[in-house]
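One file, start_7.csv, is given below (CSV, C-alpha atoms).
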chain,number,residue,atom,x,y,z
A,1,MET,CA,65.8,-30.1,103.5
A,2,MET,CA,63.3,-28.0,105.4
A,3,PHE,CA,60.7,-30.8,105.1
A,4,ARG,CA,63.2,-33.4,106.3
A,5,ARG,CA,64.1,-31.3,109.3
A,6,SER,CA,60.4,-30.8,110.2
A,7,PHE,CA,59.8,-34.5,109.7
A,8,TYR,CA,62.7,-35.4,112.0
A,9,HIS,CA,61.5,-33.0,114.8
A,10,ILE,CA,57.9,-34.1,114.5
A,11,VAL,CA,58.9,-37.8,115.1
A,12,GLN,CA,61.4,-37.0,117.8
A,13,ASP,CA,59.1,-34.6,119.7
A,14,THR,CA,56.1,-36.9,119.5
A,15,VAL,CA,57.9,-39.9,120.8
A,16,ARG,CA,59.4,-37.9,123.6
A,17,VAL,CA,56.0,-36.4,124.7
A,18,TYR,CA,53.7,-39.4,124.2
A,19,GLY,CA,56.1,-42.3,124.6
A,20,HIS,CA,56.6,-41.7,128.3
A,21,ILE,CA,60.3,-42.6,128.0
A,22,GLY,CA,61.7,-39.1,128.3
A,23,LEU,CA,64.9,-38.8,126.2
A,24,ASN,CA,65.7,-42.5,126.6
A,25,PHE,CA,65.7,-43.3,122.9
A,26,LEU,CA,67.9,-42.8,119.8
A,27,THR,CA,66.8,-41.1,116.6
A,28,ALA,CA,68.6,-41.2,113.2
A,29,GLN,CA,67.6,-39.8,109.8
A,30,GLN,CA,68.5,-41.4,106.5
A,31,ASN,CA,67.1,-39.4,103.5
A,32,ASP,CA,63.3,-39.6,104.0
A,33,LYS,CA,63.5,-42.3,106.7
A,34,ILE,CA,63.6,-41.9,110.4
A,35,ILE,CA,65.0,-44.8,112.4
A,36,LEU,CA,64.0,-45.1,116.1
A,37,LEU,CA,65.7,-47.3,118.7
A,38,CYS,CA,63.5,-47.4,121.7
A,39,PRO,CA,63.6,-49.3,125.0
A,40,SER,CA,61.1,-52.1,125.7
A,41,GLY,CA,60.2,-54.3,128.6
A,42,ASP,CA,57.4,-55.2,131.0
A,43,ASP,CA,57.7,-51.8,132.7
A,44,ILE,CA,57.5,-49.8,129.5
A,45,SER,CA,54.3,-49.4,127.5
A,46,MET,CA,54.6,-47.6,124.2
A,47,ASP,CA,51.3,-46.8,122.6
A,48,TRP,CA,52.5,-46.9,119.0
A,49,ASP,CA,49.1,-46.6,117.5
A,50,LYS,CA,48.6,-43.3,119.3
A,51,ILE,CA,52.1,-42.1,118.6
A,52,LEU,CA,52.0,-42.8,114.9
A,53,ARG,CA,48.5,-41.4,114.5
A,54,ILE,CA,49.7,-38.1,116.0
A,55,ILE,CA,52.8,-38.1,113.8
A,56,ARG,CA,50.6,-38.7,110.7
A,57,GLU,CA,48.3,-35.8,111.7
A,58,LYS,CA,51.3,-33.5,112.1
A,59,LEU,CA,52.8,-34.6,108.8
A,60,GLY,CA,49.5,-34.0,107.1
A,61,LYS,CA,49.8,-30.3,108.0
A,62,LEU,CA,53.1,-30.0,106.2
A,63,GLY,CA,51.6,-30.5,102.8
A,64,ASN,CA,49.1,-32.4,100.7
A,65,GLY,CA,49.7,-36.1,100.0
A,66,VAL,CA,52.3,-36.6,102.7
A,67,THR,CA,52.2,-40.2,104.1
A,68,ALA,CA,54.2,-42.2,106.6
A,69,THR,CA,54.7,-45.9,106.3
A,70,CYS,CA,55.9,-47.4,109.5
A,71,ALA,CA,57.4,-50.8,110.5
A,72,ILE,CA,58.0,-52.1,114.0
A,73,SER,CA,60.4,-55.0,114.5
A,74,ASN,CA,60.2,-57.5,117.3
A,75,ASP,CA,62.0,-56.6,120.5
A,76,VAL,CA,65.7,-57.4,120.6
A,77,LYS,CA,67.5,-58.7,123.7
A,78,ASN,CA,71.0,-57.5,123.0
A,79,ILE,CA,72.9,-55.0,120.9
A,80,MET,CA,74.1,-57.6,118.4
A,81,GLU,CA,70.5,-58.2,117.2
A,82,ILE,CA,70.0,-54.5,116.3
A,83,PRO,CA,71.3,-54.7,112.7
A,84,HIS,CA,69.0,-57.7,111.9
A,85,ALA,CA,66.0,-55.9,113.4
A,86,TYR,CA,66.8,-52.8,111.4
A,87,LYS,CA,67.0,-54.8,108.1
A,88,THR,CA,63.7,-56.5,109.0
A,89,ALA,CA,62.0,-53.2,109.6
A,90,GLN,CA,63.2,-51.9,106.3
A,91,HIS,CA,62.0,-55.0,104.5
A,92,LEU,CA,58.6,-54.7,106.3
A,93,ILE,CA,58.1,-51.2,104.9
A,94,THR,CA,58.5,-52.5,101.4
A,95,LEU,CA,56.2,-55.4,102.2
A,96,SER,CA,53.6,-53.1,103.7
A,97,ARG,CA,53.5,-50.9,100.6
A,98,LYS,CA,53.0,-54.0,98.5
A,99,ILE,CA,50.1,-55.3,100.6
A,100,TYR,CA,48.4,-52.1,101.9
A,101,GLY,CA,49.8,-49.2,99.9
A,102,GLU,CA,51.3,-46.1,101.4
A,103,GLY,CA,50.7,-44.8,104.9
A,104,HIS,CA,50.2,-47.9,106.9
A,105,THR,CA,51.8,-49.5,110.0
A,106,ILE,CA,53.1,-53.0,110.0
A,107,ARG,CA,54.5,-55.0,112.9
A,108,GLN,CA,56.8,-57.9,112.5
A,109,LYS,CA,54.8,-60.1,114.8
A,110,ASP,CA,51.7,-59.6,112.6
A,111,ALA,CA,53.6,-60.1,109.3
A,112,GLU,CA,55.2,-63.5,110.0
A,113,LEU,CA,52.9,-65.2,107.6
A,114,TYR,CA,53.7,-62.8,104.7
A,115,LEU,CA,57.4,-63.1,105.4
A,116,ILE,CA,57.0,-66.9,105.0
A,117,LEU,CA,54.8,-66.6,101.9
A,118,GLU,CA,57.4,-64.3,100.2
A,119,LYS,CA,59.5,-67.5,99.8
A,120,ILE,CA,56.9,-68.8,97.3
A,121,ASP,CA,58.1,-67.5,93.9
A,122,SER,CA,56.3,-67.3,90.6
A,123,ILE,CA,57.7,-70.7,89.5
A,124,SER,CA,56.2,-72.3,92.6
A,125,LEU,CA,52.9,-70.7,91.9
A,126,SER,CA,52.9,-71.8,88.3
A,127,ASN,CA,53.0,-75.4,89.6
A,128,SER,CA,50.5,-75.0,92.4
A,129,LEU,CA,46.8,-75.8,92.8
A,130,LEU,CA,46.1,-72.2,91.9
A,131,ALA,CA,48.0,-72.4,88.6
A,132,PRO,CA,45.1,-73.2,86.3
A,133,VAL,CA,43.2,-70.2,87.6
A,134,LEU,CA,46.2,-68.0,87.0
A,135,ARG,CA,46.3,-69.2,83.4
A,136,SER,CA,42.6,-68.7,82.8
A,137,LYS,CA,41.3,-66.0,80.4
A,138,LYS,CA,39.0,-65.0,83.3
A,139,LYS,CA,41.9,-64.9,85.8
A,140,ASP,CA,41.1,-61.5,87.4
A,141,GLU,CA,37.4,-62.4,87.8
A,142,TYR,CA,38.1,-65.8,89.3
A,143,LEU,CA,40.8,-64.5,91.6
A,144,LEU,CA,38.4,-61.9,93.0
A,145,THR,CA,35.6,-64.4,93.3
A,146,LEU,CA,37.8,-66.9,95.1
A,147,ARG,CA,39.4,-64.2,97.4
A,148,THR,CA,36.0,-62.9,98.3
A,149,TYR,CA,34.5,-66.4,98.9
A,150,LEU,CA,37.3,-67.4,101.2
A,151,ALA,CA,37.2,-64.0,103.0
A,152,CYS,CA,33.5,-64.6,103.7
A,153,ASP,CA,34.2,-68.0,105.3
A,154,SER,CA,32.8,-69.8,102.3
A,155,ASN,CA,29.4,-68.1,102.6
A,156,VAL,CA,28.2,-67.9,99.0
A,157,SER,CA,25.4,-65.4,99.7
A,158,GLU,CA,27.6,-63.0,101.6
A,159,ALA,CA,30.3,-63.2,99.0
A,160,ALA,CA,27.8,-62.6,96.2
A,161,GLU,CA,26.5,-59.6,98.0
A,162,LYS,CA,30.0,-58.1,98.4
A,163,LEU,CA,30.6,-58.6,94.7
A,164,PHE,CA,27.2,-57.2,93.7
A,165,ILE,CA,26.3,-60.3,91.7
A,166,HIS,CA,23.5,-62.9,92.0
A,167,ARG,CA,24.0,-65.9,94.2
A,168,ASN,CA,23.6,-68.2,91.2
A,169,THR,CA,26.3,-66.3,89.4
A,170,MET,CA,28.6,-66.8,92.4
A,171,GLN,CA,27.9,-70.5,92.5
A,172,TYR,CA,28.6,-70.8,88.7
A,173,ARG,CA,31.9,-69.1,89.1
A,174,LEU,CA,32.9,-71.3,92.0
A,175,LYS,CA,32.0,-74.4,89.9
A,176,GLN,CA,34.2,-73.1,87.1
A,177,ILE,CA,37.1,-72.6,89.5
A,178,GLU,CA,36.6,-76.1,90.9
A,179,LYS,CA,36.8,-77.5,87.3
A,180,LEU,CA,40.0,-75.6,86.7
A,181,ILE,CA,41.7,-76.8,89.9
A,182,GLY,CA,40.3,-80.3,89.4
A,183,GLN,CA,38.8,-80.8,92.8
A,184,PRO,CA,36.0,-79.5,95.0
A,185,MET,CA,36.6,-76.7,97.5
A,186,ASP,CA,34.6,-78.4,100.4
A,187,SER,CA,37.6,-79.4,102.5
A,188,ALA,CA,39.3,-77.1,105.0
A,189,GLU,CA,42.7,-78.2,103.7
A,190,THR,CA,41.9,-77.1,100.1
A,191,LYS,CA,40.5,-73.8,101.2
A,192,THR,CA,43.5,-73.1,103.5
A,193,LEU,CA,46.0,-73.9,100.7
A,194,LEU,CA,44.1,-71.7,98.2
A,195,TRP,CA,44.0,-68.9,100.7
A,196,LEU,CA,47.8,-69.1,101.3
A,197,LEU,CA,48.5,-69.3,97.5
A,198,LEU,CA,46.3,-66.2,97.0
A,199,LYS,CA,48.2,-64.3,99.6
A,200,ALA,CA,51.5,-65.4,98.0
A,201,HIS,CA,50.3,-64.2,94.6
A,202,GLU,CA,49.5,-60.8,96.1
A,203,LEU,CA,53.1,-60.3,97.0
A,204,LEU,CA,54.5,-61.0,93.5
Would you write the structure of this file as structure tokens?
Amino acid sequence: MMFRRSFYHIVQDTVRVYGHIGLNFLTAQQNDKIILLCPSGDDISMDWDKILRIIREKLGKLGNGVTATCAISNDVKNIMEIPHAYKTAQHLITLSRKIYGEGHTIRQKDAELYLILEKIDSISLSNSLLAPVLRSKKKDEYLLTLRTYLACDSNVSEAAEKLFIHRNTMQYRLKQIEKLIGQPMDSAETKTLLWLLLKAHELL
């Protein structure tokens, strides 16, 4: 109870001091969650990166291992939209922990792709271009190889360096992946599809 009170006051005081909105915001506590309803608009500039950094620094002083995962919904135009924004923020926290782990901040506007990819379920993946890789005995190795290769903009040498393997080994793995999926990975469309499927797989 003492920790929850401290948590509540840290959030409330930090937003009041660094949000430059005085007392013009609402705060509610639900177990270990703090819900903020703050004003927005062209004349209001909330530096959430700074505010959340200060909150995390203060929380860190309360005890070892304390983290804060934060979600920021899009702005709402009227009071009827608040329940949906709240549900979205709650969902974004779960999503953020899946993708990044504890202690990160996620904004709805930056997570739209993940919200769409969540609709791809395990059945869809099992029938997708990525399916043969997922069924391979070397699944983990090939997924890491493919993820790194695509993250490096298809630069084989850079991807090999990141994985601490020889360039020839990287090329061999990519050839094996191409055999599994039954087509070369030289088109932008194929690479984009594989990248999206990899992201969807991370959410399962």
Using only C-alpha atoms, which protein or nucleic acid residues come within 10 Å of Leu174 of chain A? Drop anything in the same chain fewer than 4 positions from it, and give the result as number ranges by chain. A: 142, 145-146, 149, 156, 168-170, 178-180, 184-185
Could you write those residues out with C-alpha atoms, as a compact mmCIF listing (two decimals), in the frame of the given file?
# COMPACT_ATOMS: atom_id res chain seq x y z
CA TYR A 142 38.10 -65.80 89.30
CA THR A 145 35.60 -64.40 93.30
CA LEU A 146 37.80 -66.90 95.10
CA TYR A 149 34.50 -66.40 98.90
CA VAL A 156 28.20 -67.90 99.00
CA ASN A 168 23.60 -68.20 91.20
CA THR A 169 26.30 -66.30 89.40
CA MET A 170 28.60 -66.80 92.40
CA GLU A 178 36.60 -76.10 90.90
CA LYS A 179 36.80 -77.50 87.30
CA LEU A 180 40.00 -75.60 86.70
CA PRO A 184 36.00 -79.50 95.00
CA MET A 185 36.60 -76.70 97.50
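For the atom pair formed by atom CA of Ile93 of chain A and atom CA of Lys33 of chain A, the distance is 10.6 Å, given to one decimal.
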So which residues touch segment 107-111 of chain A within 9 Å, counting all atoms listed in the file, skipping near sequence neighbours fewer than 2 positions away, as a PyMOL selection string? chain A and resi 70-74+88-89+92+95-96+105+113-116
Quick one: residues within 10 Å of Leu204 of chain A, only C-alpha atoms counted, chain neighbours fewer than 4 positions away excluded, as an MDAnalysis selection string? chainID A and resid 98 118 120:122 125 199:200
Write out as a PyMOL selection string each polymer residue whose atoms come within 12 Å of Ala68 of chain A, counting only C-alpha atoms; drop sequence neighbours fewer than 6 positions from it. chain A and resi 7+10-11+32-34+52-60+93+96-97+101-106
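Of the listed residues (A:Met2, A:Ala159, A:Ile79, A:Ile21), A:Met2 comes nearest to Leu62 of chain A; the distances count only C-alpha atoms.
Closest to Leu23 of chain A among A:Leu134, A:Leu203, A:Ala151, A:Leu36 is A:Leu36, based on all atoms listed in the file.
From atom CA of Glu202 of chain A back to atom CA of Tyr100 of chain A, the distance works out to 10.5 Å.
The nearest approach to Gly19 of chain A among the residues A:Ser6, A:Ser40, A:Ser45, A:Asn31, with all atoms listed in the file taken into account, belongs to A:Ser45.
When all atoms listed in the file are used to compute distances to Lys138 of chain A, the closest of the residues A:Ile35, A:Ile165, A:Ile44, A:Ile177 turns out to be A:Ile177.
Interatomic distance, atom CA of Leu197 of chain A to atom CA of Ala131 of chain A: 9.4 Å.
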Tell me which residues come within 9 Å of (70.5, -43.7, 124.6), as a PyMOL selection string, counting only C-alpha atoms in the file's coordinates. chain A and resi 23-26+37-39
For segment 116-127 of chain A, supply all heavy atoms and format the output as a PDB file, in the frame of the given file.
ATOM      1  N   ILE A 116      56.876 -65.519 105.418  1.00  0.00           N
ATOM      2  CA  ILE A 116      57.000 -66.900 105.000  1.00  0.00           C
ATOM      3  C   ILE A 116      56.539 -67.057 103.527  1.00  0.00           C
ATOM      4  O   ILE A 116      57.181 -67.693 102.687  1.00  0.00           O
ATOM      5  CB  ILE A 116      56.231 -67.857 105.892  1.00  0.00           C
ATOM      6  CG1 ILE A 116      56.857 -67.883 107.300  1.00  0.00           C
ATOM      7  CG2 ILE A 116      56.182 -69.276 105.310  1.00  0.00           C
ATOM      8  CD1 ILE A 116      56.029 -68.605 108.329  1.00  0.00           C
ATOM      9  N   LEU A 117      55.389 -66.428 103.233  1.00  0.00           N
ATOM     10  CA  LEU A 117      54.800 -66.600 101.900  1.00  0.00           C
ATOM     11  C   LEU A 117      55.671 -65.929 100.815  1.00  0.00           C
ATOM     12  O   LEU A 117      55.592 -66.323  99.652  1.00  0.00           O
ATOM     13  CB  LEU A 117      53.415 -65.901 101.875  1.00  0.00           C
ATOM     14  CG  LEU A 117      52.319 -66.628 102.661  1.00  0.00           C
ATOM     15  CD1 LEU A 117      51.029 -65.815 102.637  1.00  0.00           C
ATOM     16  CD2 LEU A 117      52.070 -68.014 102.099  1.00  0.00           C
ATOM     17  N   GLU A 118      56.509 -64.976 101.199  1.00  0.00           N
ATOM     18  CA  GLU A 118      57.400 -64.300 100.200  1.00  0.00           C
ATOM     19  C   GLU A 118      58.363 -65.362  99.592  1.00  0.00           C
ATOM     20  O   GLU A 118      58.871 -65.140  98.501  1.00  0.00           O
ATOM     21  CB  GLU A 118      58.226 -63.247 100.901  1.00  0.00           C
ATOM     22  CG  GLU A 118      57.506 -61.925 100.988  1.00  0.00           C
ATOM     23  CD  GLU A 118      58.453 -60.837 101.445  1.00  0.00           C
ATOM     24  OE1 GLU A 118      59.170 -61.046 102.433  1.00  0.00           O
ATOM     25  OE2 GLU A 118      58.471 -59.767 100.816  1.00  0.00           O
ATOM     26  N   LYS A 119      58.572 -66.454 100.282  1.00  0.00           N
ATOM     27  CA  LYS A 119      59.500 -67.500  99.800  1.00  0.00           C
ATOM     28  C   LYS A 119      58.862 -68.269  98.626  1.00  0.00           C
ATOM     29  O   LYS A 119      59.553 -69.027  97.940  1.00  0.00           O
ATOM     30  CB  LYS A 119      59.907 -68.408 100.904  1.00  0.00           C
ATOM     31  CG  LYS A 119      60.593 -67.695 102.064  1.00  0.00           C
ATOM     32  CD  LYS A 119      61.081 -68.669 103.108  1.00  0.00           C
ATOM     33  CE  LYS A 119      61.586 -67.928 104.341  1.00  0.00           C
ATOM     34  NZ  LYS A 119      62.619 -66.947 104.076  1.00  0.00           N
ATOM     35  N   ILE A 120      57.543 -68.124  98.437  1.00  0.00           N
ATOM     36  CA  ILE A 120      56.900 -68.800  97.300  1.00  0.00           C
ATOM     37  C   ILE A 120      57.038 -67.882  96.089  1.00  0.00           C
ATOM     38  O   ILE A 120      56.495 -66.781  96.043  1.00  0.00           O
ATOM     39  CB  ILE A 120      55.377 -69.000  97.605  1.00  0.00           C
ATOM     40  CG1 ILE A 120      55.192 -69.843  98.867  1.00  0.00           C
ATOM     41  CG2 ILE A 120      54.693 -69.666  96.409  1.00  0.00           C
ATOM     42  CD1 ILE A 120      53.744 -70.052  99.255  1.00  0.00           C
ATOM     43  N   ASP A 121      57.798 -68.325  95.111  1.00  0.00           N
ATOM     44  CA  ASP A 121      58.100 -67.500  93.900  1.00  0.00           C
ATOM     45  C   ASP A 121      57.087 -67.832  92.805  1.00  0.00           C
ATOM     46  O   ASP A 121      56.225 -68.698  92.924  1.00  0.00           O
ATOM     47  CB  ASP A 121      59.511 -67.649  93.463  1.00  0.00           C
ATOM     48  CG  ASP A 121      59.866 -69.108  93.179  1.00  0.00           C
ATOM     49  OD1 ASP A 121      58.942 -69.923  92.963  1.00  0.00           O
ATOM     50  OD2 ASP A 121      61.058 -69.431  93.171  1.00  0.00           O
ATOM     51  N   SER A 122      57.239 -67.118  91.696  1.00  0.00           N
ATOM     52  CA  SER A 122      56.300 -67.300  90.600  1.00  0.00           C
ATOM     53  C   SER A 122      56.404 -68.715  89.988  1.00  0.00           C
ATOM     54  O   SER A 122      55.409 -69.247  89.499  1.00  0.00           O
ATOM     55  CB  SER A 122      56.630 -66.267  89.474  1.00  0.00           C
ATOM     56  OG  SER A 122      57.975 -66.364  89.056  1.00  0.00           O
ATOM     57  N   ILE A 123      57.589 -69.327  90.049  1.00  0.00           N
ATOM     58  CA  ILE A 123      57.700 -70.700  89.500  1.00  0.00           C
ATOM     59  C   ILE A 123      56.925 -71.665  90.400  1.00  0.00           C
ATOM     60  O   ILE A 123      56.243 -72.556  89.885  1.00  0.00           O
ATOM     61  CB  ILE A 123      59.222 -71.104  89.514  1.00  0.00           C
ATOM     62  CG1 ILE A 123      59.992 -70.221  88.530  1.00  0.00           C
ATOM     63  CG2 ILE A 123      59.367 -72.583  89.152  1.00  0.00           C
ATOM     64  CD1 ILE A 123      61.481 -70.467  88.507  1.00  0.00           C
ATOM     65  N   SER A 124      56.990 -71.468  91.720  1.00  0.00           N
ATOM     66  CA  SER A 124      56.200 -72.300  92.600  1.00  0.00           C
ATOM     67  C   SER A 124      54.731 -72.174  92.379  1.00  0.00           C
ATOM     68  O   SER A 124      53.985 -73.155  92.347  1.00  0.00           O
ATOM     69  CB  SER A 124      56.548 -71.974  94.078  1.00  0.00           C
ATOM     70  OG  SER A 124      57.919 -72.138  94.350  1.00  0.00           O
ATOM     71  N   LEU A 125      54.286 -70.935  92.175  1.00  0.00           N
ATOM     72  CA  LEU A 125      52.900 -70.700  91.900  1.00  0.00           C
ATOM     73  C   LEU A 125      52.417 -71.309  90.608  1.00  0.00           C
ATOM     74  O   LEU A 125      51.288 -71.791  90.484  1.00  0.00           O
ATOM     75  CB  LEU A 125      52.581 -69.183  91.909  1.00  0.00           C
ATOM     76  CG  LEU A 125      52.347 -68.514  93.265  1.00  0.00           C
ATOM     77  CD1 LEU A 125      52.196 -67.011  93.088  1.00  0.00           C
ATOM     78  CD2 LEU A 125      51.122 -69.084  93.959  1.00  0.00           C
ATOM     79  N   SER A 126      53.302 -71.292  89.619  1.00  0.00           N
ATOM     80  CA  SER A 126      52.900 -71.800  88.300  1.00  0.00           C
ATOM     81  C   SER A 126      52.764 -73.345  88.326  1.00  0.00           C
ATOM     82  O   SER A 126      52.235 -73.925  87.382  1.00  0.00           O
ATOM     83  CB  SER A 126      54.002 -71.456  87.266  1.00  0.00           C
ATOM     84  OG  SER A 126      55.228 -72.117  87.542  1.00  0.00           O
ATOM     85  N   ASN A 127      53.203 -73.983  89.414  1.00  0.00           N
ATOM     86  CA  ASN A 127      53.000 -75.400  89.600  1.00  0.00           C
ATOM     87  C   ASN A 127      52.095 -75.785  90.709  1.00  0.00           C
ATOM     88  O   ASN A 127      52.018 -76.945  91.115  1.00  0.00           O
ATOM     89  CB  ASN A 127      54.398 -76.099  89.812  1.00  0.00           C
ATOM     90  CG  ASN A 127      55.325 -75.973  88.611  1.00  0.00           C
ATOM     91  OD1 ASN A 127      54.977 -76.392  87.522  1.00  0.00           O
ATOM     92  ND2 ASN A 127      56.485 -75.389  88.802  1.00  0.00           N
TER      93      ASN A 127
END
